[in-house]
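Asks: Below you'll find start_11.cif; it's mmCIF, C-alpha atoms.
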```cif
data_query
#
loop_
_atom_site.label_atom_id
_atom_site.label_comp_id
_atom_site.auth_asym_id
_atom_site.auth_seq_id
_atom_site.Cartn_x
_atom_site.Cartn_y
_atom_site.Cartn_z
CA GLN A 1 53.78 86.47 136.63
CA TRP A 2 53.17 83.40 134.49
CA GLY A 3 53.39 80.13 136.36
CA ARG A 4 55.43 77.11 135.32
CA CYS A 5 54.47 75.21 132.22
CA THR A 6 52.53 72.11 133.20
CA SER A 7 51.92 69.09 131.01
CA GLU A 8 51.95 65.32 131.21
CA ASP A 9 54.51 65.14 128.39
CA CYS A 10 57.53 67.20 127.39
CA GLY A 11 57.13 69.52 124.43
CA PRO A 12 54.71 72.15 123.13
CA GLY A 13 51.52 70.74 124.69
CA GLY A 14 51.83 72.52 128.06
CA ILE A 15 49.62 75.14 129.73
CA GLN A 16 50.62 78.24 131.71
CA THR A 17 48.29 80.25 133.92
CA ARG A 18 48.44 83.48 135.88
CA THR A 19 46.14 85.47 138.12
CA VAL A 20 44.47 88.62 136.74
CA TRP A 21 42.55 91.06 138.93
CA CYS A 22 41.09 94.56 138.75
CA VAL A 23 42.63 97.33 140.88
CA HIS A 24 41.69 100.92 141.63
CA THR A 25 44.02 103.69 140.46
CA GLU A 26 44.91 104.20 144.12
CA GLY A 27 46.17 100.60 144.31
CA TRP A 28 43.42 98.65 146.15
CA THR A 29 41.66 95.62 144.63
CA THR A 30 38.12 96.01 143.29
CA HIS A 31 35.53 93.90 141.46
CA HIS A 32 36.20 92.72 137.88
CA SER A 33 33.12 94.55 136.65
CA ASN A 34 34.83 97.88 137.34
CA CYS A 35 37.43 97.15 134.64
CA GLN A 36 36.78 97.00 130.91
CA PRO A 37 36.47 93.34 129.78
CA ALA A 38 38.17 94.14 126.49
CA ASP A 39 41.28 95.33 128.36
CA LYS A 40 41.56 92.18 130.49
CA PRO A 41 44.87 90.35 129.81
CA GLU A 42 44.75 86.61 129.10
CA ALA A 43 45.09 84.36 132.13
CA GLN A 44 46.09 81.18 130.26
CA ARG A 45 48.34 80.33 127.32
CA ARG A 46 49.95 77.36 125.70
CA CYS A 47 53.61 76.74 126.42
CA PHE A 48 56.51 74.42 125.76
CA LYS A 49 57.28 72.16 128.67
CA VAL A 50 61.05 71.90 128.98
CA CYS A 51 62.61 68.69 130.26
CA GLU A 52 66.21 67.99 131.16
CA TRP A 53 66.90 66.06 127.97
CA HIS A 54 66.02 69.18 125.95
CA GLN A 55 69.27 70.84 127.03
CA GLY A 56 71.19 69.30 124.17
CA LEU A 57 68.58 70.39 121.61
CA PHE A 58 68.45 74.16 122.22
CA GLU A 59 71.01 76.90 122.74
CA TRP A 60 71.41 80.67 122.88
CA GLU A 61 72.55 82.19 119.60
CA THR A 62 74.15 85.64 119.56
CA SER A 63 75.25 87.89 116.71
CA GLU A 64 78.54 89.78 116.52
CA TRP A 65 78.86 92.95 118.58
CA SER A 66 77.96 96.09 116.68
CA ALA A 67 80.31 99.02 116.30
CA CYS A 68 80.84 101.14 119.39
CA THR A 69 78.54 104.17 119.37
CA LEU A 70 78.26 107.06 121.81
CA ALA A 71 76.08 106.20 124.78
CA PRO A 72 73.21 108.59 125.64
CA PRO A 73 74.57 111.01 128.24
CA HIS A 74 73.23 110.94 131.78
CA PRO A 75 71.67 114.26 132.87
CA ASN A 76 74.53 114.75 135.30
CA GLU A 77 77.05 114.23 132.51
CA LEU A 78 75.75 116.88 130.13
CA ARG A 79 78.30 119.40 131.32
CA LEU A 80 81.10 116.84 131.16
CA ARG A 81 80.13 115.81 127.63
CA ALA A 82 80.36 119.40 126.50
CA ALA A 83 83.87 119.68 127.92
CA GLU A 84 86.94 118.77 125.89
CA CYS A 85 87.54 115.05 125.51
CA VAL A 86 90.71 113.95 127.30
CA THR A 87 91.27 110.27 126.48
CA ALA A 88 88.09 108.48 125.36
CA GLN A 89 84.29 108.71 125.46
CA HIS A 90 81.83 106.20 126.87
CA GLY A 91 80.11 104.12 124.22
CA ILE A 92 77.84 101.11 123.92
CA GLN A 93 77.75 97.98 121.76
CA ARG A 94 74.68 95.88 120.99
CA ARG A 95 73.96 92.41 119.63
CA SER A 96 70.91 90.24 119.02
CA VAL A 97 70.12 87.22 121.22
CA HIS A 98 67.82 84.33 120.27
CA CYS A 99 66.99 80.87 121.52
CA VAL A 100 67.28 78.41 118.63
CA ARG A 101 67.17 74.72 117.86
CA ARG A 102 70.63 73.32 117.34
CA SER A 103 69.49 71.15 114.45
CA ASN A 104 68.28 73.92 112.10
CA HIS A 105 68.82 77.19 114.06
CA SER A 106 65.12 78.03 113.97
CA SER A 107 63.93 80.40 116.68
CA VAL A 108 61.92 79.11 119.63
CA SER A 109 60.61 80.71 122.78
CA GLU A 110 63.36 82.18 124.96
CA ARG A 111 61.79 80.45 127.97
CA VAL A 112 63.22 77.17 126.66
CA CYS A 113 66.84 78.33 126.83
CA SER A 114 66.24 80.31 130.02
CA PHE A 115 65.32 77.05 131.73
CA PHE A 116 68.94 75.87 131.38
CA SER A 117 71.10 79.03 131.35
CA PRO A 118 70.74 82.81 131.84
CA ARG A 119 70.03 84.93 128.81
CA PRO A 120 73.22 86.52 127.39
CA THR A 121 73.48 90.28 127.62
CA GLU A 122 72.49 92.37 124.62
CA GLU A 123 74.56 95.43 125.51
CA GLN A 124 78.05 96.10 126.79
CA ALA A 125 80.10 99.21 127.50
CA CYS A 126 82.95 100.27 125.24
CA LEU A 127 85.28 103.23 124.72
CA ILE A 128 85.46 105.56 121.73
CA PRO A 129 88.73 107.47 121.19
CA CYS A 130 88.48 111.23 121.36
CA PRO A 131 87.97 112.94 117.98
CA LEU A 132 91.29 113.53 116.25
CA ASP A 133 91.72 115.62 113.14
CA CYS A 134 92.69 113.66 110.02
CA VAL A 135 92.08 110.33 111.81
CA TYR A 136 88.53 109.81 113.19
CA GLY A 137 85.68 111.95 114.29
CA GLY A 138 87.58 115.21 113.89
CA ALA A 139 88.10 117.78 111.21
CA GLY A 140 89.14 116.71 107.75
CA CYS A 141 92.76 116.79 106.67
CA PRO A 142 93.96 120.14 105.30
CA ASN A 143 95.53 120.41 101.88
CA LEU A 144 99.01 118.89 102.18
CA THR A 145 100.43 120.86 99.23
CA GLN A 146 100.93 124.60 98.78
CA THR A 147 101.23 126.57 95.57
CA ARG A 148 102.43 130.13 95.09
CA THR A 149 103.64 132.33 92.27
CA CYS A 150 107.33 133.04 91.92
CA HIS A 151 109.64 135.25 89.84
CA GLY A 152 111.36 134.08 86.68
CA PRO A 153 114.01 131.35 87.08
CA VAL A 154 117.57 132.44 87.77
CA PRO A 155 119.78 131.62 84.74
CA CYS A 156 122.37 128.91 85.28
CA PRO A 157 126.01 130.05 85.34
CA GLY A 158 128.09 129.57 82.23
CA GLY A 159 125.17 129.62 79.83
CA GLY A 160 123.66 126.42 81.14
CA GLY A 161 120.28 127.30 79.76
CA GLU A 162 117.38 124.98 80.56
CA TYR A 163 119.41 121.86 81.21
CA ARG A 164 118.64 119.47 84.03
CA TYR A 165 121.55 118.13 86.07
CA SER A 166 122.01 114.90 87.93
CA LEU A 167 124.79 113.10 89.79
CA LYS A 168 126.16 109.86 88.39
CA VAL A 169 128.15 107.50 90.60
CA SER A 170 129.96 104.31 89.71
CA SER A 171 130.06 101.18 91.84
CA TRP A 172 132.59 100.87 94.65
CA SER A 173 135.96 99.39 93.77
CA GLU A 174 137.56 96.50 95.59
CA CYS A 175 139.12 97.18 98.98
CA ARG A 176 142.79 98.08 98.48
CA LEU A 177 145.65 98.91 100.81
CA PRO A 178 147.13 102.43 100.72
CA HIS A 179 149.82 103.10 98.12
CA GLN A 180 153.48 102.73 99.06
CA LYS A 181 153.96 106.49 98.81
CA ASP A 182 151.73 106.98 101.87
CA LEU A 183 153.83 107.67 104.92
CA TRP A 184 151.70 105.68 107.34
CA SER A 185 148.47 103.77 107.60
CA GLY A 186 146.29 102.40 110.33
CA ARG A 187 146.29 98.82 111.56
CA THR A 188 143.77 97.64 114.12
CA THR A 189 144.54 94.70 116.44
CA LEU A 190 142.40 93.00 119.05
CA ASP A 191 144.24 92.59 122.37
CA PHE A 192 143.18 89.48 124.33
CA SER A 193 145.48 90.01 127.33
CA SER A 194 144.77 88.40 130.66
CA ASN A 195 144.39 91.77 132.37
CA PHE A 196 140.66 92.44 132.75
CA ALA A 197 141.07 96.18 132.37
CA GLU A 198 142.82 95.74 129.03
CA ARG A 199 140.71 92.84 127.77
CA ASN A 200 139.18 93.22 124.30
CA SER A 201 140.70 96.69 123.91
CA VAL A 202 141.29 98.05 120.41
CA LYS A 203 144.72 99.50 119.76
CA ARG A 204 145.80 101.77 116.92
CA HIS A 205 149.28 101.37 115.47
CA THR A 206 151.28 103.51 113.09
CA ARG A 207 153.26 101.64 110.50
CA SER A 208 155.72 103.00 108.00
CA ALA A 209 155.64 102.14 104.33
CA HIS A 210 158.53 99.63 104.48
CA ALA A 211 156.51 97.41 106.85
CA TYR A 212 154.03 96.25 104.22
CA HIS A 213 155.93 93.07 103.55
CA HIS A 214 154.59 91.82 106.93
CA LYS A 215 151.82 89.26 106.58
CA PRO A 216 148.90 89.98 109.01
CA THR A 217 148.20 87.46 111.71
CA ALA A 218 144.79 85.95 112.44
CA TRP A 219 143.91 88.75 114.90
CA GLU A 220 145.11 91.70 112.79
CA ILE A 221 142.81 93.77 110.56
CA GLU A 222 144.34 95.69 107.66
CA ILE A 223 142.64 99.07 107.06
CA GLY A 224 142.09 99.69 103.34
CA TYR A 225 139.83 101.87 101.26
CA ARG A 226 137.42 101.79 98.30
CA THR A 227 136.86 104.40 95.64
CA ARG A 228 134.16 105.30 93.14
CA GLN A 229 133.67 107.98 90.50
CA VAL A 230 131.21 110.84 90.99
CA ARG A 231 130.36 113.17 88.13
CA CYS A 232 127.71 115.70 87.17
CA THR A 233 125.82 115.08 83.94
CA ARG A 234 123.57 117.42 81.97
CA SER A 235 120.30 116.33 80.43
CA ASP A 236 121.96 116.36 77.02
CA GLY A 237 124.48 113.73 78.19
CA LYS A 238 127.50 116.04 78.55
CA ASN A 239 129.52 116.33 81.73
CA ALA A 240 129.33 119.47 83.84
CA MET A 241 131.16 120.86 86.84
CA LEU A 242 130.30 119.29 90.17
#
```
Is it possible to give me this structure as structure tokens?
Replies:
Amino acid sequence: QWGRCTSEDCGPGGIQTRTVWCVHTEGWTTHHSNCQPADKPEAQRRCFKVCEWHQGLFEWETSEWSACTLAPPHPNELRLRAAECVTAQHGIQRRSVHCVRRSNHSSVSERVCSFFSPRPTEEQACLIPCPLDCVYGGAGCPNLTQTRTCHGPVPCPGGGGEYRYSLKVSSWSECRLPHQKDLWSGRTTLDFSSNFAERNSVKRHTRSAHAYHHKPTAWEIEIGYRTRQVRCTRSDGKNAML
């Protein structure tokens, strides 16, 4: 492994070294002449010596997580993957991670940021809902309309011909009390007696027509009614039977 960056001053003027040796394919060390010189890795490189005051100058910069995609199946999960999905499937999300200068967000060696904090993860697990027809990952939606041939239209009664019919309704009238000719009507009162079993009970009373001169009290509700007109109209504007 590379050693620590050594330098008299902080910054890019440091030097890193590491030991390189030649080994036999069976694992034991041998002389350098037995290895190809062109394949020998470098044993020294320039580096950036990080000092404590650099912590405020550099930081890890991460991108947004990508969309959740299916994770490669483990060999032991091949049979499970082929089975029907029950709830969700295992997925994976990825993002890019860089060490940058805070001043201009230019990239620098990751060793600088690693000196102060661990490198953020580039991958994380996620869940993908099971394929569902018409929603995601499943079959496309079928045609939501059906068409079929039919016999000729049945003629309208009374020589209606090819008219179109629609209902017309007027607005509701004001709330009125029943007419005097009605034998009885309903009156609802709220009973606030002290007995708990009867508290807030709703009572129904029957009142004859001659009692309508009585003025309702604050806790009495007079039951009235509203009316409106309903008629059937043809497409030519004439009225028709309901």
Asks: Do a neighbour search on range 93-103 of chain A at 8 Å with all atoms listed in the file, toss out local chain neighbours closer than 6 positions, and write the hits as a VMD selection string.
Replies: chain A and resid 56 to 69 109 to 110 112 to 113 119 to 126
Asks: Kindly indicate which residue among A:Ala139, A:Gln36, A:Pro131, A:Trp21 lies nearest to Glu84 in chain A, using all atoms listed in the file for the distances.
Replies: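 Selected residue with least distance to Glu84 in chain A: A:Pro131.
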Asks: Going by the chain IDs and residue numbers used in this file, which residues fall under the PyMOL selection byres ((chain A and resi 226) around 9)? Write them as an mmCIF file with C-alpha atoms, in the coordinates of the input.
Replies:
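Saved to result34.cif:
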```cif
data_model
loop_
_atom_site.group_PDB
_atom_site.id
_atom_site.type_symbol
_atom_site.label_atom_id
_atom_site.label_comp_id
_atom_site.auth_asym_id
_atom_site.auth_seq_id
_atom_site.Cartn_x
_atom_site.Cartn_y
_atom_site.Cartn_z
ATOM 1 C CA TRP A 172 132.590 100.870 94.650
ATOM 2 C CA SER A 173 135.960 99.390 93.770
ATOM 3 C CA GLU A 174 137.560 96.500 95.590
ATOM 4 C CA CYS A 175 139.120 97.180 98.980
ATOM 5 C CA ARG A 176 142.790 98.080 98.480
ATOM 6 C CA GLY A 224 142.090 99.690 103.340
ATOM 7 C CA TYR A 225 139.830 101.870 101.260
ATOM 8 C CA THR A 227 136.860 104.400 95.640
ATOM 9 C CA ARG A 228 134.160 105.300 93.140
#
```
Asks: To one decimal in Å, tell me the separation between CA of Lys40 in chain A and CA of Gly13 in chain A.
Replies: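 We find that CA of Lys40 in chain A and CA of Gly13 in chain A lie 24.3 Å from each other.
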Asks: What is the CA of Ile223 in chain A to CA of Ser170 in chain A distance in Å?
Replies: 22.1 Å
Asks: Could you give me, as a list of chain:residue names, the residues that have an atom at most 7 Å away from the point (88.1, 110.5, 124.8) in the coordinates of the file, using all atoms listed in the file?
Replies: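 Protein and nucleic acid residues near the point are A:Cys85, A:Val86, A:Thr87, A:Ala88, A:Gln89, A:Ile128, A:Pro129, A:Cys130.
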Asks: Under the PyMOL selection byres ((chain A and resi 236) around 12), which residues of this model are included? Write them out as a PyMOL selection string.
Replies: chain A and resi 160-166+232-235+237-240
